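Worksheet: the structure to be examined is printed underneath.
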Amino acid sequence: MTVTTQPQLETRKAAPASQNLSIEVCTSSDRANVLRQWAELEQRVGQLGLPCSHDWTEAWLNAYGDLVPHTFLLARDSETSTLQGLCLITEGVAQKEGPFTIRTLHVGPAGEPEGECVCVEYNRLLVEPAFEAAFAKRIVEHLESRSGFDQWNIDGIATAKLAAFHQHESELRLRVEPAYGFDFAKARAEKTNILAQFKSSTRRKVKRSLEGWDNLTVDWAVTLNDAVDTFHEMVELHQARWTSIGKPGSYSSPRFTAFHEELLSKFVPQGRMAFVRVRSGEDTIGIVQLFIEHRRALLYQCGWSVADSSRSPGVVVDYLAMEECLKQGLDAYDFLAFATQHKRHLANMSTDIVWATKRHPRLKFVVVDQARKVRNWLRERRNKQSQESSSQ
């Protein structure tokens, strides 16, 4: 469900030091040198988030760097030449708006063609916090200076982080998606399980689903070898589920798969990725892939048994994975963006993730917008006529 209401953005004054940040643009040929500086800056400022981390950026570039044109922006204190911020800027490949191909720029690891997309969420800048607003301003200025592009995008950014950009560019089109999740604080405080925190209807649904399975066990992949084996099994389950309904599945893309294989090798030993497998006896019901960020489990990908779809394997796997995350001492279970009824029922909180776009004046955008208005008008008219007919 797409939420069209304006998100609540943090407000702050632009950093007075903005004029003291100089920007250096590095090309893709400078990748090795930039990544070295990326690792050094991250070590200095701390791990601000996964998508802006050195490991994520390097894995993304290894998988997509030869396909998606890109540059790097390096922000330095003009007085000391100290590196204060780094950002990846990409040029979208095969991007569409309605029937039209459009040229796009993206802030962060994005811009992949359809069917290859990582779909970045909780996108952030790697920047010394005191310079965040100043760096955002310089990025906006850089994007506005690039000619030949139809629009630029900030993909999958939390509303709190969008504020730094929004104060320097107010004409952003915002698509807001709620990210539902479960805060473990109440269950932990009351020394109870998650089931007790659900609404009564959800409790009944979960209990019925659990009763449909015998000898349930839960495994948390604790070693790299375990994680590799579990990942490959999850891929098989995921692909089987999607191909059964005529869809290609995410892992039909070799680039997408290679990206996650490299991330797995880096993040699992660091405790920043985990896999939870749920079994009934010797049979795997399903597996979830979790990113761990700031003590939050982010549900990125999953796979479950197609043959057992009538017994709600998704409900069972997510519920037991949530219980396992609670036992592991994590603070929350986040379903990420693009809400479903399943996610809403298992949640007790939500936050907003935003896809922001700055369009340049183009006839193609006018045509698409008008066509959508006509389509929406026709849909509303049909719905009204249907309601009037049913009431007679």
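FYI, nothing fancy with the structure tokens labels: chains A, B, ... in order, residues from 1 per chain, ligands from 1 as they appear.
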Residues at most 6 Å from A:Ile353, counting only C-alpha atoms, excluding those fewer than 2 positions away in the same chain, as a CSV table (one decimal) with N, CA and C atoms, in the first residue's frame?
```csv
chain,number,residue,atom,x,y,z
A,156,GLY,N,14.7,4.9,-1.0
A,156,GLY,CA,14.6,4.2,0.2
A,156,GLY,C,15.2,4.8,1.4
A,157,ILE,N,15.0,6.1,1.7
A,157,ILE,CA,15.6,6.8,2.8
A,157,ILE,C,14.6,7.0,3.9
A,158,ALA,N,15.1,6.9,5.1
A,158,ALA,CA,14.2,7.1,6.3
A,158,ALA,C,13.8,8.6,6.3
A,176,VAL,N,5.8,7.5,-0.1
A,176,VAL,CA,6.1,7.0,1.3
A,176,VAL,C,5.5,5.6,1.5
A,177,GLU,N,6.3,4.7,2.0
A,177,GLU,CA,5.9,3.4,2.2
A,177,GLU,C,6.1,3.1,3.7
```
Quiz item: Counting only C-alpha atoms, what is within 10 Å of A:Ser312, bar same-chain residues fewer than 3 positions away, as a list in words?
Solution: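 Using only C-alpha atoms, the neighbours found are Lys205, Val206, Arg208, Ser209, Leu210, Gly212, Ile285, Trp304, Ser305, Asp308, Ser309, Val315, Val316 and Val317 of chain A.
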Quiz item: A:Leu67, A:Ala189, A:Ile139, A:Ile102: which is nearest A:Arg255, counting only C-alpha atoms?
Solution: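 Of A:Leu67, A:Ala189, A:Ile139, A:Ile102, the one nearest A:Arg255 is A:Leu67, counting only C-alpha atoms.
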Contacts of A:Phe291 at 9 Å or less, counting only C-alpha atoms, minus same-chain residues fewer than 5 places along, as a short mmCIF file (atom, residue, chain, number, x, y, z; two decimals) with all heavy atoms, in the first residue's frame?
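Dumped everything to selection_35.cif:
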```
data_model
loop_
_atom_site.label_atom_id
_atom_site.label_comp_id
_atom_site.auth_asym_id
_atom_site.auth_seq_id
_atom_site.Cartn_x
_atom_site.Cartn_y
_atom_site.Cartn_z
N LEU A 50 23.85 0.06 7.17
CA LEU A 50 24.37 -0.95 6.25
C LEU A 50 24.55 -0.44 4.82
O LEU A 50 25.61 -0.64 4.22
CB LEU A 50 23.45 -2.17 6.26
CG LEU A 50 23.34 -2.92 7.60
CD1 LEU A 50 22.41 -4.10 7.45
CD2 LEU A 50 24.71 -3.38 8.07
N PHE A 267 29.23 -10.03 6.25
CA PHE A 267 28.34 -9.61 7.33
C PHE A 267 28.10 -10.69 8.39
O PHE A 267 27.94 -10.37 9.56
CB PHE A 267 26.99 -9.17 6.75
CG PHE A 267 26.98 -7.77 6.22
CD1 PHE A 267 25.84 -7.24 5.63
CD2 PHE A 267 28.10 -6.96 6.30
CE1 PHE A 267 25.81 -5.94 5.15
CE2 PHE A 267 28.09 -5.67 5.81
CZ PHE A 267 26.96 -5.16 5.24
N GLY A 271 28.30 -10.33 12.55
CA GLY A 271 27.02 -10.28 13.24
C GLY A 271 26.03 -9.31 12.62
O GLY A 271 25.07 -8.90 13.28
N ARG A 272 26.23 -8.97 11.36
CA ARG A 272 25.34 -8.03 10.69
C ARG A 272 24.40 -8.71 9.68
O ARG A 272 23.64 -8.03 8.98
CB ARG A 272 26.14 -6.92 10.00
CG ARG A 272 26.91 -6.05 10.99
CD ARG A 272 27.27 -4.71 10.39
NE ARG A 272 28.41 -4.80 9.50
CZ ARG A 272 28.88 -3.77 8.79
NH1 ARG A 272 28.28 -2.59 8.85
NH2 ARG A 272 29.93 -3.93 8.01
N MET A 273 24.45 -10.02 9.60
CA MET A 273 23.50 -10.79 8.81
C MET A 273 23.29 -12.13 9.52
O MET A 273 24.22 -12.68 10.10
CB MET A 273 23.98 -11.03 7.38
CG MET A 273 22.96 -11.76 6.50
SD MET A 273 23.62 -12.29 4.88
CE MET A 273 23.83 -10.71 4.05
N ALA A 274 22.05 -12.60 9.48
CA ALA A 274 21.73 -13.89 10.10
C ALA A 274 20.66 -14.59 9.28
O ALA A 274 19.91 -13.95 8.54
CB ALA A 274 21.26 -13.69 11.54
N PHE A 275 20.59 -15.91 9.44
CA PHE A 275 19.56 -16.72 8.79
C PHE A 275 18.86 -17.54 9.87
O PHE A 275 19.52 -18.14 10.73
CB PHE A 275 20.17 -17.64 7.74
CG PHE A 275 20.75 -16.92 6.57
CD1 PHE A 275 22.07 -16.48 6.60
CD2 PHE A 275 19.99 -16.66 5.44
CE1 PHE A 275 22.61 -15.79 5.53
CE2 PHE A 275 20.53 -15.98 4.36
CZ PHE A 275 21.84 -15.54 4.41
N ARG A 296 18.52 -4.12 15.41
CA ARG A 296 17.23 -4.38 14.78
C ARG A 296 17.43 -5.45 13.70
O ARG A 296 18.37 -5.38 12.93
CB ARG A 296 16.65 -3.12 14.15
CG ARG A 296 16.33 -2.01 15.12
CD ARG A 296 16.11 -0.69 14.39
NE ARG A 296 15.00 -0.77 13.45
CZ ARG A 296 13.73 -0.51 13.76
NH1 ARG A 296 13.43 -0.17 15.00
NH2 ARG A 296 12.79 -0.59 12.86
N ALA A 297 16.53 -6.43 13.68
CA ALA A 297 16.53 -7.43 12.63
C ALA A 297 15.69 -6.91 11.46
O ALA A 297 14.50 -6.62 11.63
CB ALA A 297 15.97 -8.75 13.14
N LEU A 298 16.29 -6.79 10.30
CA LEU A 298 15.60 -6.30 9.11
C LEU A 298 15.33 -7.50 8.20
O LEU A 298 16.27 -8.11 7.68
CB LEU A 298 16.44 -5.26 8.37
CG LEU A 298 17.02 -4.12 9.22
CD1 LEU A 298 17.83 -3.17 8.34
CD2 LEU A 298 15.93 -3.37 9.96
N LEU A 299 14.08 -7.84 8.03
CA LEU A 299 13.71 -9.00 7.21
C LEU A 299 13.86 -8.65 5.74
O LEU A 299 13.02 -7.97 5.15
CB LEU A 299 12.27 -9.43 7.50
CG LEU A 299 11.72 -10.55 6.62
CD1 LEU A 299 12.57 -11.80 6.72
CD2 LEU A 299 10.27 -10.85 6.97
N TYR A 300 14.94 -9.14 5.13
CA TYR A 300 15.22 -8.76 3.75
C TYR A 300 14.64 -9.75 2.75
O TYR A 300 14.05 -9.36 1.75
CB TYR A 300 16.72 -8.64 3.52
CG TYR A 300 17.03 -8.17 2.12
CD1 TYR A 300 16.96 -6.82 1.80
CD2 TYR A 300 17.34 -9.07 1.11
CE1 TYR A 300 17.20 -6.39 0.50
CE2 TYR A 300 17.58 -8.65 -0.18
CZ TYR A 300 17.51 -7.31 -0.48
OH TYR A 300 17.74 -6.89 -1.76
#
```
Exercise. Name the residues of stretch 7-128 of chain A that fall into strand (DSSP E) according to DSSP on the backbone, using the chain letters and numbers of this document, as a ChimeraX atom specification.
Key: /A:21-27,70-77,83-91,95-97,100-102,104-107,126-127
Written file, previous selection with C-alpha atoms, as a tab-separated table (two decimals), in the first residue's frame:
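This is the output file selection30.tsv:
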```tsv
chain	number	residue	atom	x	y	z
A	21	LEU	CA	32.87	21.88	2.55
A	22	SER	CA	34.59	21.32	-0.77
A	23	ILE	CA	33.46	18.53	-3.11
A	24	GLU	CA	35.76	16.26	-5.06
A	25	VAL	CA	34.23	14.14	-7.83
A	26	CYS	CA	35.97	10.83	-8.47
A	27	THR	CA	35.24	8.52	-11.39
A	70	HIS	CA	28.72	5.77	-11.22
A	71	THR	CA	30.87	8.43	-9.63
A	72	PHE	CA	31.85	9.26	-6.05
A	73	LEU	CA	31.46	12.52	-4.15
A	74	LEU	CA	34.05	13.21	-1.46
A	75	ALA	CA	33.34	16.08	0.94
A	76	ARG	CA	36.32	17.70	2.66
A	77	ASP	CA	36.63	20.45	5.22
A	83	LEU	CA	37.44	13.94	4.66
A	84	GLN	CA	33.99	14.43	6.24
A	85	GLY	CA	31.65	12.58	3.90
A	86	LEU	CA	31.43	10.12	1.01
A	87	CYS	CA	28.60	9.32	-1.36
A	88	LEU	CA	28.00	7.06	-4.34
A	89	ILE	CA	26.11	8.67	-7.26
A	90	THR	CA	24.77	6.29	-9.91
A	91	GLU	CA	23.16	6.69	-13.32
A	95	GLN	CA	14.63	3.29	-15.97
A	96	LYS	CA	11.02	3.85	-17.05
A	97	GLU	CA	8.23	6.31	-16.34
A	100	PHE	CA	8.95	6.32	-21.58
A	101	THR	CA	12.61	5.62	-20.91
A	102	ILE	CA	14.10	8.25	-18.61
A	104	THR	CA	18.05	9.22	-13.82
A	105	LEU	CA	20.62	9.89	-11.15
A	106	HIS	CA	20.52	8.14	-7.76
A	107	VAL	CA	22.02	8.91	-4.37
A	126	LEU	CA	28.37	8.16	5.34
A	127	VAL	CA	29.23	11.52	6.85
```
Quiz prompt | Residue nearest A:Thr80 among A:Asn20, A:Ala339, A:Trp213, A:His232 (counting only C-alpha atoms) | solution =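 The closest residue to A:Thr80 is A:Asn20.
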Closest pair table for stretch 274-322 of chain A residues within 10 Å of stretch 191-204 of chain A, only C-alpha atoms, as a Markdown table:
```
| residue | atom | partner | partner_atom | distance |
| --- | --- | --- | --- | --- |
| A:Tyr319 | CA | A:Ile194 | CA | 8.1 |
| A:Leu320 | CA | A:Ile194 | CA | 9.4 |
| A:Met322 | CA | A:Ile194 | CA | 7.7 |
```
Put those residues in a file: N, CA, C and O atoms, as a tab-separated table (two decimals), in the first residue's frame.
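Wrote again_10.tsv, looks like this:
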```
chain	number	residue	atom	x	y	z
A	319	TYR	N	6.75	-15.73	12.76
A	319	TYR	CA	6.53	-15.69	14.20
A	319	TYR	C	7.69	-16.32	14.96
A	319	TYR	O	8.21	-15.74	15.93
A	320	LEU	N	8.13	-17.48	14.53
A	320	LEU	CA	9.21	-18.16	15.25
A	320	LEU	C	10.55	-17.44	15.06
A	320	LEU	O	11.40	-17.43	15.97
A	322	MET	N	10.76	-14.17	14.82
A	322	MET	CA	10.64	-13.06	15.76
A	322	MET	C	10.98	-13.50	17.18
A	322	MET	O	11.71	-12.82	17.91
```
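Between atom CA of A:Leu346 and atom CA of A:Lys207 the interatomic distance comes to 12.8 Å.
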Self-check item: Counting only C-alpha atoms, the option among A:Leu143, A:Leu224, A:Val34, A:Leu125 closest to A:Ser265
Solution: A:Leu224
Mind checking DSSP for stretch 7-107 of chain A and telling me the helix (DSSP H, G or I) residues as an mmCIF file with N, CA, C and O atoms, in the first residue's frame?
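Final file, states-v4.cif:
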```cif
data_model
loop_
_atom_site.group_PDB
_atom_site.id
_atom_site.type_symbol
_atom_site.label_atom_id
_atom_site.label_comp_id
_atom_site.auth_asym_id
_atom_site.auth_seq_id
_atom_site.Cartn_x
_atom_site.Cartn_y
_atom_site.Cartn_z
ATOM 1 N N PRO A 16 25.919 26.021 9.426
ATOM 2 C CA PRO A 16 26.605 27.242 9.028
ATOM 3 C C PRO A 16 27.942 26.983 8.354
ATOM 4 O O PRO A 16 28.470 27.825 7.658
ATOM 5 N N ALA A 17 28.463 25.760 8.546
ATOM 6 C CA ALA A 17 29.767 25.451 7.954
ATOM 7 C C ALA A 17 29.654 24.940 6.535
ATOM 8 O O ALA A 17 30.628 24.474 5.963
ATOM 9 N N SER A 18 28.440 24.995 5.924
ATOM 10 C CA SER A 18 28.244 24.403 4.611
ATOM 11 C C SER A 18 29.188 24.982 3.568
ATOM 12 O O SER A 18 29.653 24.274 2.684
ATOM 13 N N GLN A 19 29.493 26.287 3.660
ATOM 14 C CA GLN A 19 30.364 26.901 2.682
ATOM 15 C C GLN A 19 31.809 26.426 2.837
ATOM 16 O O GLN A 19 32.634 26.646 1.970
ATOM 17 N N ASN A 20 32.119 25.726 3.945
ATOM 18 C CA ASN A 20 33.475 25.259 4.190
ATOM 19 C C ASN A 20 33.705 23.827 3.741
ATOM 20 O O ASN A 20 34.756 23.260 4.000
ATOM 21 N N SER A 28 34.711 6.195 -11.689
ATOM 22 C CA SER A 28 34.733 4.772 -11.342
ATOM 23 C C SER A 28 36.141 4.192 -11.389
ATOM 24 O O SER A 28 36.430 3.195 -10.715
ATOM 25 N N SER A 29 37.022 4.796 -12.155
ATOM 26 C CA SER A 29 38.405 4.309 -12.220
ATOM 27 C C SER A 29 39.154 4.544 -10.917
ATOM 28 O O SER A 29 40.207 3.945 -10.692
ATOM 29 N N ASP A 30 38.623 5.421 -10.059
ATOM 30 C CA ASP A 30 39.242 5.703 -8.754
ATOM 31 C C ASP A 30 38.694 4.792 -7.662
ATOM 32 O O ASP A 30 38.910 5.053 -6.478
ATOM 33 N N ARG A 31 37.960 3.723 -8.021
ATOM 34 C CA ARG A 31 37.234 2.920 -7.038
ATOM 35 C C ARG A 31 38.124 2.435 -5.890
ATOM 36 O O ARG A 31 37.760 2.579 -4.724
ATOM 37 N N ALA A 32 39.261 1.861 -6.203
ATOM 38 C CA ALA A 32 40.106 1.279 -5.152
ATOM 39 C C ALA A 32 40.520 2.329 -4.134
ATOM 40 O O ALA A 32 40.449 2.096 -2.918
ATOM 41 N N ASN A 33 40.946 3.485 -4.600
ATOM 42 C CA ASN A 33 41.364 4.556 -3.700
ATOM 43 C C ASN A 33 40.200 5.088 -2.879
ATOM 44 O O ASN A 33 40.324 5.329 -1.665
ATOM 45 N N VAL A 34 39.037 5.240 -3.527
ATOM 46 C CA VAL A 34 37.857 5.746 -2.812
ATOM 47 C C VAL A 34 37.413 4.750 -1.754
ATOM 48 O O VAL A 34 37.094 5.133 -0.618
ATOM 49 N N LEU A 35 37.389 3.470 -2.079
ATOM 50 C CA LEU A 35 36.961 2.471 -1.109
ATOM 51 C C LEU A 35 37.912 2.398 0.080
ATOM 52 O O LEU A 35 37.488 2.134 1.217
ATOM 53 N N ARG A 36 39.189 2.612 -0.156
ATOM 54 C CA ARG A 36 40.138 2.667 0.962
ATOM 55 C C ARG A 36 39.779 3.811 1.904
ATOM 56 O O ARG A 36 39.727 3.648 3.134
ATOM 57 N N GLN A 37 39.479 4.984 1.336
ATOM 58 C CA GLN A 37 39.093 6.133 2.153
ATOM 59 C C GLN A 37 37.724 5.907 2.804
ATOM 60 O O GLN A 37 37.477 6.381 3.915
ATOM 61 N N TRP A 38 36.862 5.178 2.112
ATOM 62 C CA TRP A 38 35.536 4.856 2.648
ATOM 63 C C TRP A 38 35.677 4.053 3.940
ATOM 64 O O TRP A 38 35.032 4.344 4.950
ATOM 65 N N ALA A 39 36.551 3.044 3.900
ATOM 66 C CA ALA A 39 36.767 2.210 5.081
ATOM 67 C C ALA A 39 37.362 3.027 6.228
ATOM 68 O O ALA A 39 36.982 2.854 7.397
ATOM 69 N N GLU A 40 38.265 3.928 5.913
ATOM 70 C CA GLU A 40 38.893 4.763 6.947
ATOM 71 C C GLU A 40 37.884 5.719 7.571
ATOM 72 O O GLU A 40 37.859 5.903 8.796
ATOM 73 N N LEU A 41 37.011 6.316 6.734
ATOM 74 C CA LEU A 41 36.009 7.237 7.263
ATOM 75 C C LEU A 41 34.998 6.495 8.121
ATOM 76 O O LEU A 41 34.605 6.975 9.198
ATOM 77 N N GLU A 42 34.583 5.302 7.679
ATOM 78 C CA GLU A 42 33.626 4.532 8.468
ATOM 79 C C GLU A 42 34.217 4.138 9.815
ATOM 80 O O GLU A 42 33.525 4.155 10.842
ATOM 81 N N GLN A 43 35.490 3.813 9.838
ATOM 82 C CA GLN A 43 36.137 3.464 11.096
ATOM 83 C C GLN A 43 36.147 4.669 12.040
ATOM 84 O O GLN A 43 36.003 4.519 13.256
ATOM 85 N N ARG A 44 36.274 5.868 11.466
ATOM 86 C CA ARG A 44 36.330 7.079 12.300
ATOM 87 C C ARG A 44 34.963 7.491 12.816
ATOM 88 O O ARG A 44 34.815 7.832 13.992
ATOM 89 N N VAL A 45 33.932 7.461 11.944
ATOM 90 C CA VAL A 45 32.612 7.975 12.350
ATOM 91 C C VAL A 45 31.715 6.880 12.916
ATOM 92 O O VAL A 45 30.682 7.172 13.528
ATOM 93 N N HIS A 54 31.125 0.479 4.028
ATOM 94 C CA HIS A 54 32.141 0.111 3.051
ATOM 95 C C HIS A 54 31.847 -1.258 2.448
ATOM 96 O O HIS A 54 31.936 -1.454 1.226
ATOM 97 N N ASP A 55 31.481 -2.222 3.286
ATOM 98 C CA ASP A 55 31.266 -3.587 2.800
ATOM 99 C C ASP A 55 30.105 -3.669 1.819
ATOM 100 O O ASP A 55 30.180 -4.363 0.798
ATOM 101 N N TRP A 56 28.985 -2.997 2.149
ATOM 102 C CA TRP A 56 27.823 -2.993 1.246
ATOM 103 C C TRP A 56 28.202 -2.331 -0.076
ATOM 104 O O TRP A 56 27.897 -2.854 -1.155
ATOM 105 N N THR A 57 28.862 -1.166 0.005
ATOM 106 C CA THR A 57 29.220 -0.417 -1.195
ATOM 107 C C THR A 57 30.156 -1.221 -2.084
ATOM 108 O O THR A 57 29.971 -1.290 -3.308
ATOM 109 N N GLU A 58 31.158 -1.870 -1.474
ATOM 110 C CA GLU A 58 32.105 -2.664 -2.263
ATOM 111 C C GLU A 58 31.404 -3.853 -2.922
ATOM 112 O O GLU A 58 31.632 -4.142 -4.109
ATOM 113 N N ALA A 59 30.539 -4.545 -2.169
ATOM 114 C CA ALA A 59 29.820 -5.685 -2.739
ATOM 115 C C ALA A 59 28.909 -5.232 -3.872
ATOM 116 O O ALA A 59 28.794 -5.916 -4.905
ATOM 117 N N TRP A 60 28.240 -4.098 -3.700
ATOM 118 C CA TRP A 60 27.354 -3.585 -4.745
ATOM 119 C C TRP A 60 28.155 -3.236 -5.998
ATOM 120 O O TRP A 60 27.751 -3.563 -7.123
ATOM 121 N N LEU A 61 29.290 -2.584 -5.813
ATOM 122 C CA LEU A 61 30.118 -2.211 -6.962
ATOM 123 C C LEU A 61 30.671 -3.448 -7.668
ATOM 124 O O LEU A 61 30.762 -3.478 -8.905
ATOM 125 N N ASN A 62 31.033 -4.464 -6.915
ATOM 126 C CA ASN A 62 31.536 -5.694 -7.534
ATOM 127 C C ASN A 62 30.457 -6.376 -8.371
ATOM 128 O O ASN A 62 30.751 -6.989 -9.405
ATOM 129 N N ALA A 63 29.202 -6.265 -7.916
ATOM 130 C CA ALA A 63 28.103 -6.921 -8.634
ATOM 131 C C ALA A 63 27.545 -6.063 -9.766
ATOM 132 O O ALA A 63 27.167 -6.596 -10.821
ATOM 133 N N TYR A 64 27.477 -4.757 -9.558
ATOM 134 C CA TYR A 64 26.765 -3.883 -10.497
ATOM 135 C C TYR A 64 27.626 -2.777 -11.116
ATOM 136 O O TYR A 64 27.161 -2.066 -12.004
#
```
Quiz prompt | Of the listed residues A:Ser78, A:Gln239, A:Asn376, A:Ser170, that which approaches A:Lys358 most closely, counting only C-alpha atoms | solution = A:Ser170
Quiz item: Quick one: distance from atom CA of A:Pro254 to atom CA of A:Gly286 in Å, one decimal?
Solution: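 About the pair atom CA of A:Pro254 and atom CA of A:Gly286: they are 22.4 Å apart.
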Practice problem: For A:Ile287, please output as a ChimeraX atom specification all residues within 6 Å (counting only C-alpha atoms; exclusion window: fewer than 2 positions along the same chain). | Solution: /A:234,276-277,302-303
